[in-house]
Amino acid sequence: MSTVVAKDRPRAAVHKFASCDGCQLAFLNLGEDLLLLSSLVEFVHFAEAGLVNPEAPVDIAFVEGSIGTIRDVERIQRVRARSRYLVAIGACATAGGLQALRNLADGQAWIADVYASPGYVESLETSTAVAQHVKVDLELWGCPVNSRQLIAAVRALLFGVVPLEEHDKVCMECKRAQVVCVMVAQGLPCMGPVTRTGCGALCPSFGRDCYACYGPAENPNTEALGRRLEGLGIAPAAIGRRFLAINNGAPPFTEAGLRRVHGHD
Amino acid sequence: MTEQRNIDIRVPVLARVEGEGALEIQIHGLDITTLRLRIFEPPRLFEKILEGRDHGEVPDLVARICGICPVAYQMSAVHAFERLFGVDPGSWVRDMRRVLYCGEWLQSHALHIHLLAAPDLLGYGNAIAMARDHPDIVRRGLLLQALGNDIIGLFGARSVHPVGVRVGGFHHVPARSDVTGIYTRLLAAIPEAEALVRWVAALDLPAAEQRFVSVSLRHTAEYPMNAGRLASSDGLDAGIDEFESHFSEQQVAHSTALYCLLKGQPYLVGPLARVNLNLERLPAAVRAVLDESGIVWPSRNPFHAIVARAAEIYYAVLEAARILKDYRVAEAPHAAVVPRAGTAIAGTEAPRGMLWHRYDVQEDGRVVRARIVPPTSQNQARIEADLRQSLEALGPDRSDDELRRRCEMVIRSYDPCISCATHFLDLRVERR
């Protein structure tokens with residue numbers, strides 16, 4: 001990967017697609033570090049922060065949100081064409097988000113059920129990850145991503161090195177932080193064994209089960225975890241719902257969830 | 001007779017609001033022919049996502065409706081289920097939920113005042129540019145925002161989509177040492193928050209006098225957050241279960257959004273509505289600063305929303321400090337929950353206004369149907385009414401740029417949360 005550091009400050013953009021806005025808050029919640037960050041990179045488009053210039057060419061484009069309208073299918077192409085590095089941030093951008101559940105149902109029936117009459121907004125029947133539409137250089141998983149992940153990615157790109165991908169399991173993070181295993185000690189249906197690290201093992205450290213908001217880890221053994229959860233007395237349909245949640249659109253979770261919901265129910 | 005002027009104002013992407021919206025206004029001569037606050041944020045269909053889910057899954061799912069006010073969604077949801085199931089989580093949970101909500105008001109309001117609204121008032125495009133000339137103001141704002149985030153983190157491990165809330169109470173009891181750290185910072189923030197109210201009230205806010213109805217919860221003893229009856233400035237006094245018999249969602253021909261109306265009329269929710277309806281529930285210190293501001297309360301100037309927002313920051317700091325002063329570690333942070341079938345309803349006060357939830361629940365505790373009415377869909381009609389009145393008051397002879405800037409400022413003063421409102425959009429499906 002060639003260096004992104006230029007003589008002038010590298011230019012960055014934050015683009016929003018279908019999302020809750022929570023991932024770009026990882027920038028807006030930086031406090032004074034936001035001012036420091038803006039001395040390292042020049043934000044040229046970041047609508048919520050007051051900078052509107054969506055068509056400007058940039059070195060790094062951060063993309064929050066999933067692709068769910070025809071307009072957005074076209075918009076993400078333009079973002080790609082104008083960006084040197086495209087970084088997908090958060091579960092919506094990396095896996096289609098919670099709203100990707102409509103991909104597994106009859107999307108049109110869902111829409112007809114919620115809305116009484118046809119209107120003016122054009123919506124696709126699917127909600128999909130950014131990488132299903134354009135080449136993505138880096139994915140930061142998490143619902144939401146945190147400031148540490150964003151800053152680490154920016155720093156790596158500024159130094160011209162490939163950002164480190166965190167794809168260990170949450171279990172590893174619990175061990176490192178010496179958090180007592182909530183599955184072993186309390187019998188809770190923890191998703192940590194199949195879930196990607198990066199959050200800081202927040203749920204187990206709060207005495208509760210991980211609900212997989214950071215998406216699938218590398219080589220997730222969803223079948224073994226499913227059997228373990230059955231052993232804890234969780235019904236197959238409920239196990240299916242645990243996979244078909246925040247990151248339902250991530251293929252290992254889609255497959256594991258559908259297998260439980262349809263296979264054993 | 002002057003030459004007829006046609007004005008066409010388009011703001012394709014509204015800056016410094018949460019979510020994706022646009023503004024379109026057309027004026028022919030003296031007539032405003034088109035006025036649209038267009039929302040093109042794609043719908044995410046949360047009502048369907050919730051169907052079939054266990055009540056225990058709901059707090060983590062509804063949080064994802066909004067990254068700025070996830071606590072509000074969690075609070076309305078857990079209160080709805082607890083009311084249906086007859087669960088009393090006790091005074092510790094009740095108090096700590098109030099502190100948690102203070103944290104969310106604090107971070108959301110501080111974010112809005114400093115990063116979204118203040119640049120308008122001081123003549124900057126954004127807060128980063130503003131920080132160069134007003135470093136202390138921005139720094140104070142970021143400090144208050146960070147304190148709010150850290151209060152949420154105390155109970156939820158992180159401020160966006162916190163993981164600590166469950167039906168029946170909390171997953172986790174904060175350690176005394178962590179609470180002491182937050183309490184110390186709250187005490188230090190009291191004079192900062194008071195100074196913030198004075199600073200905001202002294203800003204050169206546009207004068208405006210508009211007729212509008214304020215709506216918020218009203219509680220018998222406290223400033224409303226997690227409980228209360230529905231109240232309005234024209235005399236509504238109804239239980240939270242009666243929401244649907246007073247408020248209705250209506251489709252307007254020129255808009256893509258469903259408007260929530262009270263007896264067919266637009267109304268206001270949020271900080272200004274809350275202050276207007278609950279002045280006597282504010283502690284003396286907050287009321288004193290409001291009275292010294294020279295503004296007559298209740299206020300009919302929508303631009304005073306930012307003063308109300310600052311006053312609620314001051315209130316949130318005082319209230320969180322009051323509750324945490326005598327913090328005790330609870331033995332069990334949650335009550336047992338036994339589900340039953342029925343309709344679960346609750347409303348709480350999100351930073352942007354009343355957030356109403358209804359869930360039809362089957363015997364095993366799973367959701368059959370959900371209905372969520374967020375504050376921004378309630379404010380939609382009021383924002384457009386305000387825009388119309390503001391343009392008429394300003395006069396169409398102003399420059400396009402001035403009209404556009406005023407309109408953006410009006411919209412921003414409501415702190416619209418478009419991601420929240422969006423799942424109430426009406427839409428047309430296009431097959432690819």
# chains A, B, ... in the order shown; residues from 1 in each chain; ligands from 1

call {"tool": "select_by_dssp", "arguments": {"residues": "region 14-261 of chain A", "states": "strand (DSSP E or B)", "output": "PyMOL selection string"}}
result
chain A and resi 14-16+18+42-46+51+58-64+66-67+83-89+121-123+128+138-140+169+195-196+216

call {"tool": "residues_around", "arguments": {"residues": "Ala316 (chain B)", "least_positions_apart": "2", "cutoff": "12 Å", "atoms": "only C-alpha atoms", "output": "JSON, numbers by chain"}}
result
{"B": [98, 99, 100, 101, 102, 103, 104, 105, 106, 107, 108, 109, 110, 144, 145, 147, 148, 151, 186, 187, 189, 190, 193, 194, 223, 224, 225, 282, 283, 286, 309, 310, 311, 312, 313, 314, 318, 319, 320, 321, 322, 323, 324, 351]}

call {"tool": "residues_around", "arguments": {"residues": "Val173 (chain B)", "least_positions_apart": "4", "cutoff": "7 Å", "atoms": "only C-alpha atoms", "output": "list in words"}}
result
Val329, Ala330 and Pro333 of chain B

call {"tool": "closest_residue", "arguments": {"among": "B:Gln380, B:Asn226, B:Asn149, B:Thr343", "to": "chain A", "atoms": "only C-alpha atoms"}}
result
B:Asn149

call {"tool": "residues_around", "arguments": {"residues": "region 142-149 of chain A", "least_positions_apart": "6", "cutoff": "7 Å", "atoms": "only C-alpha atoms", "output": "PyMOL selection string"}}
result
(chain A and resi 22-23+26-27+30+89-91+213-215) or (chain B and resi 160)

call {"tool": "residues_around", "arguments": {"residues": "region 220-237 of chain A", "least_positions_apart": "2", "cutoff": "8 Å", "atoms": "only C-alpha atoms", "output": "list of chain:residue names"}}
result
A:Gly187, A:Leu188, A:Pro189, A:Met191, A:Pro193, A:Val194, A:Thr195, A:Pro216, A:Ala217, A:Glu218, A:Ile239, A:Gly240, A:Arg241, A:Pro252, A:Phe253, A:Ala256, A:Arg260, A:Val261, A:His264, A:Asp265

call {"tool": "residues_around", "arguments": {"residues": "Tyr85 (chain A)", "least_positions_apart": "4", "cutoff": "7 Å", "atoms": "only C-alpha atoms", "output": "list in words"}}
result
Asp59, Ile60, Ala61 and Asp137 of chain A

call {"tool": "write_last_selection", "arguments": {"atoms": "C-alpha atoms", "output": "PDB file, in the first residue's frame"}}
result
ATOM      1  CA  ASP A  59      -7.635  10.557   0.459  1.00  0.00           C
ATOM      2  CA  ILE A  60      -9.808   8.755   3.014  1.00  0.00           C
ATOM      3  CA  ALA A  61     -13.572   8.337   2.838  1.00  0.00           C
ATOM      4  CA  ASP A 137     -10.083  -0.939   1.384  1.00  0.00           C
TER       5      ASP A 137
END

call {"tool": "residues_around", "arguments": {"residues": "Cys20 (chain A)", "least_positions_apart": "6", "cutoff": "7 Å", "atoms": "only C-alpha atoms", "output": "ChimeraX atom specification"}}
result
/B:64-67,419

call {"tool": "closest_residue", "arguments": {"among": "B:Arg83, B:Lys48, B:Arg398, B:Arg369", "to": "chain A", "atoms": "only C-alpha atoms"}}
result
B:Lys48

call {"tool": "closest_residue", "arguments": {"among": "B:Gly342, B:Gly353, B:Gly52, B:Pro298", "to": "chain A", "atoms": "only C-alpha atoms"}}
result
B:Gly52

call {"tool": "atom_distance", "arguments": {"atom1": "CA of Ser293 (chain B)", "atom2": "CA of Leu272 (chain B)"}}
result
14.6 Å

call {"tool": "closest_residue", "arguments": {"among": "A:Arg176, A:Gly257, A:Val63, A:Leu158", "to": "Leu40 (chain A)", "atoms": "only C-alpha atoms"}}
result
A:Leu158

call {"tool": "closest_residue", "arguments": {"among": "B:Ala346, B:Leu394, B:Leu236, B:Ile49", "to": "chain A", "atoms": "only C-alpha atoms"}}
result
B:Ile49
